[in-house]
>>> print(open('structure-v2.txt').read())   # compact mmCIF, C-alpha atoms and all ligand atoms
# COMPACT_ATOMS: atom_id res chain seq x y z
CA MET O 882 0.00 0.00 0.00
CA PRO O 883 1.42 3.43 -0.84
CA LEU O 884 2.04 5.74 2.08
CA SER O 885 -0.90 7.97 2.80
CA ARG O 886 -0.42 11.72 2.79
CA ARG O 887 -0.79 11.67 6.58
CA ASP O 888 2.04 9.14 6.94
CA VAL O 889 4.43 11.18 4.85
CA LEU O 890 3.58 14.48 6.51
CA ARG O 891 4.13 12.97 9.90
CA ALA O 892 7.68 11.99 9.04
CA ALA O 893 8.82 15.56 8.43
CA PRO O 894 8.82 17.25 11.86
CA LEU O 895 10.53 14.32 13.48
CA ALA O 896 13.77 15.00 11.68
CA ALA O 897 14.41 17.84 14.11
CA VAL O 898 13.84 15.75 17.23
CA PRO O 899 16.99 14.31 18.80
CA LEU O 900 16.23 10.62 18.66
CA VAL O 901 18.67 9.49 21.27
CA ALA O 902 17.90 10.52 24.82
CA PRO O 903 20.93 12.09 26.53
CA ALA O 904 21.17 9.32 29.14
CA ALA O 905 21.10 6.62 26.49
CA ARG O 906 23.72 8.44 24.47
CA ALA O 907 26.15 8.16 27.34
CA GLY O 908 25.44 4.43 27.57
CA GLN O 909 23.61 4.93 30.85
CA PRO O 910 20.48 3.05 31.80
CA PRO O 911 17.41 5.21 31.20
CA ALA O 912 15.96 7.40 33.91
CA ASP O 913 13.05 6.15 35.99
CA GLU O 914 10.93 4.19 33.58
CA ALA O 915 7.95 3.92 35.83
CA VAL O 916 7.46 7.56 34.96
CA ARG O 917 7.55 6.76 31.26
CA PHE O 918 4.81 4.12 31.49
CA PRO O 919 2.36 5.46 34.03
CA GLY O 920 -0.56 3.24 34.94
CA LEU O 921 0.37 0.06 33.12
CA ILE O 922 -0.83 -3.17 34.77
CA VAL O 923 2.03 -5.44 35.84
CA ARG O 924 1.47 -8.97 34.48
CA SER O 925 4.98 -10.09 35.38
CA HIS O 926 7.64 -8.09 37.11
CA GLU O 927 10.84 -9.54 35.61
CA PRO O 928 10.94 -9.99 32.71
CA ARG O 929 8.75 -6.95 32.33
CA ASN O 930 5.28 -7.55 31.01
CA TRP O 931 2.95 -4.61 31.35
CA GLU O 932 -0.56 -4.23 30.00
CA THR O 933 -2.36 -1.08 28.90
CA PRO O 934 -5.45 -0.46 31.09
CA LEU O 935 -8.53 0.13 28.95
CA THR O 936 -10.92 1.68 31.44
CA GLY O 937 -12.02 4.97 30.00
CA ALA O 938 -9.93 4.37 26.89
CA ALA O 939 -12.78 3.99 24.47
CA THR O 940 -13.06 7.32 22.90
CA GLY O 941 -9.98 9.31 23.90
CA GLY O 942 -8.41 9.94 20.53
CA ALA O 943 -6.10 12.23 18.63
CA ALA O 944 -7.58 14.81 16.27
CA ASP O 945 -7.20 12.35 13.40
CA GLY O 946 -9.27 9.76 15.26
CA THR O 947 -6.43 7.51 16.44
CA PRO O 948 -7.73 5.77 19.55
CA TRP O 949 -5.96 5.78 22.89
CA ALA O 950 -3.75 8.73 22.02
CA GLY O 951 -1.22 9.31 24.77
CA ARG O 952 -1.89 5.98 26.46
CA PRO O 953 1.33 4.04 27.08
CA LEU O 954 1.83 0.98 24.88
CA TYR O 955 1.90 -2.48 26.53
CA VAL O 956 5.32 -4.07 27.05
CA ARG O 957 5.98 -7.74 26.29
CA ASN O 958 9.48 -9.01 27.11
CA HIS O 959 10.52 -12.68 27.16
CA PHE O 960 13.85 -12.01 28.83
CA ALA O 961 15.54 -9.27 30.79
CA ARG O 962 15.89 -6.18 28.65
CA PRO O 963 19.39 -6.18 27.15
CA GLY O 964 21.69 -3.25 27.89
CA ILE O 965 22.82 -1.89 24.54
CA ASP O 966 25.76 0.47 24.37
CA LEU O 967 24.90 2.85 21.55
CA LYS O 968 28.52 3.59 20.72
CA GLY O 969 29.16 -0.03 19.91
CA TYR O 970 25.73 -0.71 18.41
CA ARG O 971 25.74 -2.26 14.94
CA LEU O 972 22.92 -3.82 12.96
CA ARG O 973 24.46 -6.62 10.90
CA VAL O 974 22.84 -7.70 7.64
CA GLU O 975 24.20 -11.03 6.47
CA GLY O 976 23.43 -14.40 4.90
CA LEU O 977 22.28 -14.53 1.28
CA VAL O 978 23.32 -10.97 0.40
CA GLU O 979 25.94 -9.58 -1.95
CA ASN O 980 26.85 -6.69 0.38
CA PRO O 981 26.87 -7.68 4.04
CA LEU O 982 26.27 -4.53 6.11
CA GLU O 983 27.14 -3.26 9.56
CA LEU O 984 24.95 -0.24 10.21
CA THR O 985 25.06 2.23 13.08
CA LEU O 986 21.89 3.97 14.24
CA ASP O 987 23.10 7.07 12.40
CA ASP O 988 23.56 5.09 9.18
CA LEU O 989 19.94 4.01 9.42
CA ARG O 990 18.69 7.47 10.26
CA LYS O 991 20.44 8.91 7.21
CA MET O 992 18.33 6.71 4.94
CA PRO O 993 14.86 7.95 3.85
CA ALA O 994 12.52 7.66 6.83
CA VAL O 995 8.84 6.79 7.02
CA SER O 996 6.26 7.24 9.78
CA ARG O 997 3.33 4.85 9.95
CA LEU O 998 0.45 4.24 12.31
CA LEU O 999 0.39 0.45 12.79
CA THR O 1000 -1.60 -1.82 15.08
CA LEU O 1001 0.64 -3.92 17.35
CA GLU O 1002 -1.19 -6.76 19.09
CA CYS O 1003 0.37 -9.56 21.12
CA ALA O 1004 -0.63 -13.02 19.88
CA GLY O 1005 -1.65 -13.78 23.47
CA ASN O 1006 -3.83 -10.69 23.89
CA SER O 1007 -7.19 -11.54 25.60
CA ARG O 1008 -5.78 -14.84 26.93
CA VAL O 1009 -7.49 -14.32 30.29
CA PHE O 1010 -10.81 -15.03 28.53
CA LEU O 1011 -9.84 -18.60 27.57
CA THR O 1012 -11.60 -21.42 29.39
CA PRO O 1013 -10.07 -23.60 30.61
CA PRO O 1014 -7.17 -21.20 31.33
CA ALA O 1015 -4.29 -21.53 28.88
CA ARG O 1016 -0.60 -21.28 29.63
CA GLY O 1017 1.15 -17.95 29.24
CA LEU O 1018 0.70 -14.46 30.60
CA GLN O 1019 -2.92 -13.78 31.48
CA TRP O 1020 -3.46 -10.69 29.34
CA GLY O 1021 -6.82 -8.93 29.31
CA ASN O 1022 -7.65 -6.95 26.15
CA GLY O 1023 -4.85 -4.42 26.63
CA ALA O 1024 -1.87 -6.16 25.01
CA VAL O 1025 -2.56 -4.13 21.88
CA GLY O 1026 -1.77 -0.58 20.86
CA PHE O 1027 -1.88 1.88 18.00
CA LYS O 1028 1.25 3.98 17.68
CA THR O 1029 3.01 5.90 14.95
CA TRP O 1030 6.39 4.32 14.31
CA THR O 1031 9.22 6.17 12.59
CA GLY O 1032 12.13 4.44 10.98
CA THR O 1033 13.70 2.97 7.87
CA PRO O 1034 11.78 0.49 5.72
CA LEU O 1035 13.35 -2.96 6.04
CA GLY O 1036 13.01 -3.24 2.25
CA ALA O 1037 15.38 -0.30 1.73
CA VAL O 1038 18.02 -1.94 3.93
CA LEU O 1039 17.64 -5.24 2.05
CA GLU O 1040 18.02 -3.35 -1.23
CA ARG O 1041 21.29 -1.88 0.00
CA ALA O 1042 22.51 -5.32 1.05
CA LYS O 1043 21.47 -6.74 -2.36
CA VAL O 1044 19.57 -9.92 -1.64
CA LYS O 1045 20.83 -12.84 -3.74
CA ALA O 1046 18.66 -15.02 -5.95
CA GLY O 1047 17.15 -17.95 -4.08
CA ALA O 1048 16.48 -15.98 -0.89
CA ALA O 1049 13.26 -17.04 0.83
CA GLU O 1050 13.16 -15.60 4.35
CA VAL O 1051 14.60 -12.87 6.52
CA VAL O 1052 15.41 -13.80 10.12
CA LEU O 1053 15.31 -10.94 12.63
CA VAL O 1054 17.43 -11.49 15.74
CA GLY O 1055 17.16 -9.54 18.98
CA ALA O 1056 19.99 -8.81 21.41
CA ASP O 1057 18.08 -10.32 24.34
CA ARG O 1058 18.87 -13.86 25.33
CA GLY O 1059 17.84 -16.39 27.93
CA GLN O 1060 16.76 -19.89 28.82
CA VAL O 1061 13.10 -20.68 28.21
CA THR O 1062 12.00 -22.86 31.12
CA ALA O 1063 8.48 -23.63 29.83
CA ASP O 1064 7.83 -27.14 28.59
CA PRO O 1065 9.50 -27.90 26.21
CA PRO O 1066 12.43 -25.77 27.36
CA SER O 1067 14.88 -24.17 24.96
CA PRO O 1068 18.24 -25.88 24.37
CA GLY O 1069 20.10 -23.59 26.78
CA PRO O 1070 20.01 -19.82 26.39
CA ILE O 1071 18.71 -18.57 23.03
CA HIS O 1072 18.14 -15.15 21.47
CA PHE O 1073 14.65 -13.96 20.66
CA ASN O 1074 14.27 -14.23 16.89
CA ARG O 1075 11.58 -14.57 14.26
CA SER O 1076 11.47 -14.79 10.47
CA LEU O 1077 9.44 -13.16 7.72
CA PRO O 1078 8.94 -14.35 4.16
CA LEU O 1079 11.06 -12.13 1.88
CA ALA O 1080 7.90 -10.67 0.30
CA LYS O 1081 6.55 -9.45 3.69
CA ALA O 1082 9.99 -8.13 4.66
CA LYS O 1083 9.94 -5.91 1.56
CA LYS O 1084 6.46 -4.48 2.14
CA ASP O 1085 6.03 -0.81 3.08
CA GLU O 1086 4.47 -1.76 6.39
CA THR O 1087 7.63 -3.52 7.61
CA VAL O 1088 9.71 -0.84 9.30
CA LEU O 1089 12.96 -0.79 11.29
CA ALA O 1090 11.76 1.74 13.85
CA TRP O 1091 13.92 4.04 15.95
CA GLY O 1092 11.11 6.42 16.94
CA MET O 1093 7.60 6.08 18.37
CA GLU O 1094 5.06 8.91 18.63
CA ASP O 1095 7.57 11.64 17.74
CA ALA O 1096 9.98 10.54 20.47
CA PRO O 1097 13.00 8.29 20.63
CA LEU O 1098 12.10 4.62 20.97
CA ALA O 1099 11.98 3.69 24.68
CA PRO O 1100 14.37 0.96 25.86
CA ASP O 1101 11.52 -1.40 26.74
CA HIS O 1102 10.08 -0.99 23.26
CA GLY O 1103 13.34 -2.10 21.66
CA ALA O 1104 15.76 0.84 21.45
CA PRO O 1105 17.85 1.62 19.59
CA VAL O 1106 16.16 -0.21 16.69
CA ARG O 1107 13.27 -2.66 16.43
CA ALA O 1108 11.22 -4.17 13.66
CA VAL O 1109 7.54 -3.29 13.41
CA VAL O 1110 5.72 -5.68 11.09
CA GLY O 1111 2.38 -4.08 10.26
CA GLY O 1112 -0.55 -6.50 10.22
CA TRP O 1113 1.27 -9.36 11.99
CA TYR O 1114 0.97 -10.29 15.64
CA GLY O 1115 3.57 -8.69 17.89
CA MET O 1116 6.04 -11.58 18.08
CA ALA O 1117 7.20 -10.73 14.55
CA SER O 1118 8.19 -7.20 15.57
CA VAL O 1119 11.60 -8.10 16.99
CA LYS O 1120 13.00 -5.55 19.45
CA TRP O 1121 16.67 -4.66 20.13
CA LEU O 1122 17.40 -5.79 16.59
CA THR O 1123 21.08 -6.64 16.04
CA ARG O 1124 21.14 -9.17 13.18
CA ILE O 1125 19.18 -9.63 9.97
CA VAL O 1126 19.96 -12.93 8.28
CA VAL O 1127 18.68 -13.68 4.77
CA THR O 1128 18.14 -17.43 4.25
CA ASP O 1129 17.08 -19.74 1.44
CA LYS O 1130 14.96 -21.98 3.70
CA PRO O 1131 12.10 -21.38 6.11
CA HIS O 1132 13.53 -20.59 9.52
CA ASP O 1133 12.47 -23.12 12.14
CA GLY O 1134 13.66 -21.61 15.39
CA TYR O 1135 12.03 -22.00 18.80
CA TRP O 1136 9.83 -18.91 18.47
CA GLN O 1137 7.94 -20.13 15.44
CA THR O 1138 7.91 -23.90 15.80
CA ILE O 1139 7.37 -24.44 19.54
CA ASP O 1140 6.26 -21.03 20.77
CA TYR O 1141 3.98 -18.81 18.62
CA ALA O 1142 2.85 -21.73 16.44
CA VAL O 1143 -0.68 -23.07 15.89
CA TRP O 1144 -2.14 -26.29 14.48
CA ASP O 1145 -2.84 -26.36 10.76
CA ARG O 1146 -5.03 -29.16 9.38
CA THR O 1147 -4.72 -28.57 5.66
CA GLY O 1148 -2.10 -31.31 5.18
CA VAL O 1149 -1.94 -35.07 5.69
CA SER O 1150 -1.97 -34.67 9.44
CA PRO O 1151 -2.08 -31.66 11.78
CA ARG O 1152 1.21 -29.75 12.00
CA LEU O 1153 2.36 -26.63 13.80
CA VAL O 1154 2.74 -23.52 11.63
CA PRO O 1155 4.00 -20.08 12.71
CA VAL O 1156 1.48 -17.47 13.90
CA THR O 1157 1.45 -14.62 11.37
CA THR O 1158 -1.36 -12.14 10.59
CA ILE O 1159 -3.59 -10.37 13.10
CA HIS O 1160 -7.21 -11.51 12.95
CA PRO O 1161 -10.16 -9.08 13.16
CA LYS O 1162 -11.21 -8.05 16.66
CA ALA O 1163 -13.53 -5.50 18.23
CA ILE O 1164 -13.64 -4.76 21.93
CA LEU O 1165 -16.12 -2.92 24.10
CA THR O 1166 -14.35 -0.51 26.42
CA THR O 1167 -17.03 1.90 27.69
CA LEU O 1168 -18.56 -0.80 29.93
CA THR O 1169 -16.69 -3.52 31.79
CA ASP O 1170 -17.84 -6.77 33.39
CA GLY O 1171 -19.89 -6.07 36.48
CA ALA O 1172 -20.88 -2.52 35.51
CA GLU O 1173 -24.33 -1.38 36.65
CA VAL O 1174 -26.72 0.34 34.25
CA ARG O 1175 -30.11 1.84 35.14
CA ALA O 1176 -33.14 0.06 33.65
CA GLY O 1177 -34.44 1.77 30.51
CA LYS O 1178 -31.45 4.10 30.29
CA LYS O 1179 -30.08 5.12 26.89
CA VAL O 1180 -26.36 4.38 26.79
CA ARG O 1181 -23.82 5.20 24.13
CA VAL O 1182 -21.47 2.22 23.95
CA GLY O 1183 -18.18 2.01 22.09
CA GLY O 1184 -14.69 0.72 21.78
CA VAL O 1185 -11.99 -0.07 19.29
CA ALA O 1186 -11.67 -2.51 16.36
CA TRP O 1187 -8.80 -3.58 14.12
CA ALA O 1188 -8.20 -6.16 11.40
CA GLY O 1189 -4.48 -6.70 10.73
CA GLU O 1190 -3.37 -6.33 7.12
CA ASP O 1191 -6.93 -5.55 6.05
CA ALA O 1192 -9.19 -2.66 6.82
CA VAL O 1193 -12.06 -3.12 9.23
CA GLY O 1194 -15.16 -3.82 7.12
CA LYS O 1195 -17.87 -3.49 9.75
CA VAL O 1196 -18.40 -3.77 13.49
CA GLU O 1197 -21.69 -5.12 14.87
CA PHE O 1198 -23.12 -4.81 18.36
CA SER O 1199 -25.33 -7.36 20.13
CA PRO O 1200 -27.47 -6.45 23.17
CA ASP O 1201 -28.27 -10.12 23.86
CA GLY O 1202 -25.05 -12.09 24.03
CA GLY O 1203 -24.81 -12.68 20.28
CA ALA O 1204 -28.41 -13.74 19.47
CA THR O 1205 -29.08 -10.61 17.39
CA TRP O 1206 -26.67 -8.08 15.88
CA GLY O 1207 -27.04 -4.46 14.80
CA PRO O 1208 -24.79 -1.96 13.01
CA THR O 1209 -22.38 0.53 14.61
CA THR O 1210 -20.75 3.68 13.30
CA LEU O 1211 -17.01 3.76 12.63
CA ALA O 1212 -14.48 6.58 12.70
CA PRO O 1213 -12.17 7.42 11.06
CA ASN O 1214 -12.64 5.69 7.69
CA PRO O 1215 -11.16 2.19 7.95
CA GLU O 1216 -7.73 1.62 6.42
CA PRO O 1217 -5.46 -1.43 6.43
CA PHE O 1218 -3.24 -1.78 9.54
CA ARG O 1219 -5.16 0.94 11.42
CA PRO O 1220 -7.75 0.81 14.17
CA VAL O 1221 -11.19 2.42 14.21
CA VAL O 1222 -13.39 3.60 17.04
CA TRP O 1223 -16.90 2.07 16.89
CA ARG O 1224 -20.02 3.43 18.60
CA ALA O 1225 -23.63 2.34 19.03
CA ASP O 1226 -26.67 3.46 20.99
CA TRP O 1227 -28.15 0.92 23.35
CA THR O 1228 -31.18 1.16 25.60
CA ALA O 1229 -30.94 -0.95 28.74
CA PRO O 1230 -33.94 -3.27 29.16
CA ALA O 1231 -36.77 -2.24 31.49
CA ALA O 1232 -36.38 -5.43 33.52
CA ARG O 1233 -33.60 -5.85 36.05
CA GLY O 1234 -31.04 -8.60 35.61
CA VAL O 1235 -27.81 -9.50 33.86
CA VAL O 1236 -27.36 -8.69 30.17
CA ARG O 1237 -24.52 -9.81 27.94
CA LEU O 1238 -23.28 -7.21 25.48
CA ALA O 1239 -21.18 -8.41 22.56
CA VAL O 1240 -19.34 -6.85 19.66
CA ARG O 1241 -17.76 -8.39 16.59
CA CYS O 1242 -15.59 -7.16 13.75
CA THR O 1243 -15.64 -8.28 10.12
CA ASP O 1244 -12.70 -7.31 7.93
CA ALA O 1245 -12.89 -5.90 4.41
CA LYS O 1246 -12.49 -9.43 3.02
CA GLY O 1247 -15.53 -10.66 4.96
CA ARG O 1248 -13.75 -12.60 7.72
CA THR O 1249 -15.64 -12.37 11.02
CA GLN O 1250 -14.77 -13.10 14.63
CA PRO O 1251 -15.88 -16.64 15.48
CA PRO O 1252 -18.50 -17.21 18.21
CA GLU O 1253 -16.44 -20.04 19.75
CA ARG O 1254 -12.80 -20.56 20.56
CA ASP O 1255 -10.85 -22.79 18.14
CA PRO O 1256 -8.55 -24.98 20.28
CA ASP O 1257 -6.17 -25.48 17.34
CA ARG O 1258 -4.97 -21.98 18.04
CA ARG O 1259 -3.47 -23.20 21.34
CA SER O 1260 -2.95 -20.06 23.45
CA TYR O 1261 -2.63 -17.55 20.57
CA MET O 1262 -4.77 -15.57 18.12
CA ILE O 1263 -7.63 -15.05 20.54
CA ASN O 1264 -10.50 -13.33 18.74
CA HIS O 1265 -13.66 -15.29 19.47
CA VAL O 1266 -16.57 -13.18 20.71
CA VAL O 1267 -16.47 -12.63 24.48
CA PRO O 1268 -19.55 -10.82 25.81
CA VAL O 1269 -19.31 -8.25 28.60
CA GLU O 1270 -21.79 -8.90 31.43
CA VAL O 1271 -23.47 -5.86 32.92
CA THR O 1272 -26.21 -5.68 35.52
CA VAL O 1273 -29.39 -3.73 34.90
CA VAL O 1274 -30.49 -2.17 38.21
N1 LIG T 1301 13.88 -9.07 21.08
C1 LIG T 1301 12.59 -9.24 21.42
N2 LIG T 1301 11.65 -8.79 20.58
C2 LIG T 1301 10.34 -8.93 20.90
C3 LIG T 1301 9.94 -9.60 22.08
C4 LIG T 1301 10.97 -10.06 22.95
O1 LIG T 1301 10.72 -10.61 24.03
N3 LIG T 1301 12.28 -9.85 22.59
N4 LIG T 1301 8.61 -9.77 22.32
C5 LIG T 1301 7.73 -9.77 21.15
C6 LIG T 1301 6.32 -9.80 21.44
S1 LIG T 1301 5.67 -11.32 21.83
C7 LIG T 1301 5.52 -8.69 21.30
S2 LIG T 1301 3.86 -8.79 21.54
C8 LIG T 1301 6.10 -7.37 20.97
C9 LIG T 1301 5.73 -6.34 22.02
O2 LIG T 1301 6.28 -5.09 21.74
P1 LIG T 1301 6.27 -3.97 22.86
O3 LIG T 1301 6.87 -4.55 24.10
O4 LIG T 1301 7.01 -2.81 22.33
O5 LIG T 1301 4.82 -3.62 23.08
O6 LIG T 1301 7.52 -7.42 20.88
C10 LIG T 1301 8.02 -8.58 20.25
N5 LIG T 1301 9.44 -8.42 20.03
MO MO T 1302 3.40 -11.09 21.94
>>> encode(input="structure-v2.txt", output="structure tokens")
Amino acid sequence: MPLSRRDVLRAAPLAAVPLVAPAARAGQPPADEAVRFPGLIVRSHEPRNWETPLTGAATGGAADGTPWAGRPLYVRNHFARPGIDLKGYRLRVEGLVENPLELTLDDLRKMPAVSRLLTLECAGNSRVFLTPPARGLQWGNGAVGFKTWTGTPLGAVLERAKVKAGAAEVVLVGADRGQVTADPPSPGPIHFNRSLPLAKAKKDETVLAWGMEDAPLAPDHGAPVRAVVGGWYGMASVKWLTRIVVTDKPHDGYWQTIDYAVWDRTGVSPRLVPVTTIHPKAILTTLTDGAEVRAGKKVRVGGVAWAGEDAVGKVEFSPDGGATWGPTTLAPNPEPFRPVVWRADWTAPAARGVVRLAVRCTDAKGRTQPPERDPDRRSYMINHVVPVEVTVV
């Protein structure tokens, strides 16, 4: 997709912003980060896993309609955040390339930059709604965010490195490293890494980001440089990127064969395949489970919806747990990779009791959120409809 006018305009003012915080420049750990991420919900303390709280987040938006403007983005770290000394930082591009590269942050920043608003959703977002409970961090609906990322297109870097004929995939390797103790454990300490098909790596929406929301990338979001893979679940957006390896075979590392893999039944027998694109999802954020609403009251309900590589097609609202569905209004106009805010008017029933409010998103290709959970997805890609229960008083 070509860059929209808004994307290109946004890139301009950033050039003047110093993209390396003074403390980071001196190789120091950043100043108090609790201050940088106010209000996030701690899901695990170390490694750091912090969720964005959604209460009251429904409609707060930037002038252009971007939801949750100013809300800190969730943090999902598998290992301790690596300390990266900027002076020594190099991004190596190697493997099936004619010109192996070793790029500094400055080298990257001298290349033409883009700024893009992209949905980033963890593949385990909404896991707390799985029954029976599934392994992994128990995220609510807040392991998702909508930020404007500034950086260098991965495709431009690959062009400079001159990818050789026969290349199939691009493996992105992070600086962080550790032993995975889950079952099955990793074979000793391993780096976090993930691959993309060459075609996705070259797409406009795949960015090597060094800025977020007109500021330098925060250390917990992958500074100095991270990948942001628009339309794919978050595990593809490798942080603290230090190596890019072009290969001629599909990469079959831990993070896409054991972790972040789901059952596929299209072949002779079920096999695990890597999690890739974000599936459509709408969430209700103006009312939460247990909220009380006065009988007969008119209520404006709303929330956010997104649909990965595709635009949101429509969002429907159900006042009866999914038995009947009605339309909602969307703003701004849906575009691929971007979220929309949906709204609907609902009148609480005259009778007291519990009602189940549901919402579902259909993407521009007609794919809808399923009513039931598909167990083949293991503990990932959670987008079945989960009603919110409110009490009419
Ligand atoms: N190097 C590295 N990259 C990583 C991870 C990680 O643990 N290490 N976590 C991934 C996952 S699972 C997600 S959902 C996103 C989260 O990005 P954020 O922490 O900036 O929100 O980063 C991805 N990139
Ligand atoms: Mo994730």
>>> residues_around(input="structure-v2.txt", residues="Arg929 of chain O", least_positions_apart="6", cutoff="10 Å", atoms="all atoms listed in the file", output="list in words")
Val923, Val956, Arg957, Asn958, His959, Phe960, Ala961, Arg962 and Asp1101 of chain O
>>> atom_distance(input="structure-v2.txt", atom1="atom CA of Glu927 of chain O", atom2="atom CA of Met1093 of chain O")
23.5 Å
>>> atom_distance(input="structure-v2.txt", atom1="atom CA of Thr1228 of chain O", atom2="atom CA of Ala1163 of chain O")
20.3 Å
>>> atom_distance(input="structure-v2.txt", atom1="atom CA of Val1038 of chain O", atom2="atom P1 of ligand LIG 1301 (chain T)")
22.4 Å
>>> closest_residue(input="structure-v2.txt", among="O:Val1126, O:Leu1001, O:Leu1079, O:Leu935", to="ligand MO 1302 (chain T)", atoms="all atoms listed in the file")
O:Leu1001
>>> residues_around(input="structure-v2.txt", residues="segment 1240-1254 of chain O", least_positions_apart="4", cutoff="7 Å", atoms="all atoms listed in the file", output="list in words")
Pro1161, Lys1162, Ala1163, Ile1164, Leu1165, Ala1186, Ala1188, Asp1191, Ala1192, Val1193, Gly1194, Lys1195, Val1196, Glu1197, Phe1198, Ser1199, Asn1264, His1265 and Val1266 of chain O
>>> residues_around(input="structure-v2.txt", residues="Gly1184 of chain O", least_positions_apart="3", cutoff="12 Å", atoms="only C-alpha atoms", output="VMD selection string")
chain O and resid 935 to 942 947 to 949 1022 1162 to 1169 1181 1187 1196 to 1198 1209 to 1212 1220 to 1225 1239 to 1242
>>> build_atoms(input="structure-v2.txt", residues="segment 1102-1107 of chain O", atoms="all heavy atoms", output="short mmCIF file (atom, residue, chain, number, x, y, z; two decimals), keeping the file's coordinate frame")
data_model
loop_
_atom_site.label_atom_id
_atom_site.label_comp_id
_atom_site.auth_asym_id
_atom_site.auth_seq_id
_atom_site.Cartn_x
_atom_site.Cartn_y
_atom_site.Cartn_z
N HIS O 1102 10.71 -0.73 24.55
CA HIS O 1102 10.08 -0.99 23.26
C HIS O 1102 11.11 -1.34 22.19
O HIS O 1102 10.78 -1.40 21.01
CB HIS O 1102 9.22 0.19 22.83
CG HIS O 1102 7.99 0.35 23.68
ND1 HIS O 1102 7.08 -0.67 23.88
CD2 HIS O 1102 7.54 1.41 24.41
CE1 HIS O 1102 6.12 -0.24 24.69
NE2 HIS O 1102 6.37 1.01 25.03
N GLY O 1103 12.38 -1.54 22.61
CA GLY O 1103 13.34 -2.10 21.66
C GLY O 1103 14.47 -1.20 21.20
O GLY O 1103 15.12 -1.53 20.21
N ALA O 1104 14.70 -0.08 21.87
CA ALA O 1104 15.76 0.84 21.45
C ALA O 1104 17.13 0.14 21.44
O ALA O 1104 17.35 -0.73 22.27
CB ALA O 1104 15.81 2.06 22.39
N PRO O 1105 18.02 0.49 20.51
CA PRO O 1105 17.85 1.62 19.59
C PRO O 1105 17.01 1.34 18.35
O PRO O 1105 16.44 2.26 17.78
CB PRO O 1105 19.29 1.94 19.17
CG PRO O 1105 20.04 0.66 19.35
CD PRO O 1105 19.41 -0.04 20.51
N VAL O 1106 16.88 0.08 17.93
CA VAL O 1106 16.16 -0.21 16.69
C VAL O 1106 15.35 -1.49 16.87
O VAL O 1106 15.86 -2.49 17.39
CB VAL O 1106 17.14 -0.42 15.49
CG1 VAL O 1106 16.36 -0.76 14.22
CG2 VAL O 1106 18.01 0.81 15.28
N ARG O 1107 14.10 -1.46 16.43
CA ARG O 1107 13.27 -2.66 16.43
C ARG O 1107 12.56 -2.79 15.09
O ARG O 1107 12.41 -1.79 14.37
CB ARG O 1107 12.21 -2.57 17.51
CG ARG O 1107 11.09 -1.62 17.11
CD ARG O 1107 9.91 -1.63 18.02
NE ARG O 1107 9.30 -2.95 18.16
CZ ARG O 1107 8.40 -3.24 19.08
NH1 ARG O 1107 8.01 -2.31 19.94
NH2 ARG O 1107 7.87 -4.44 19.14
#
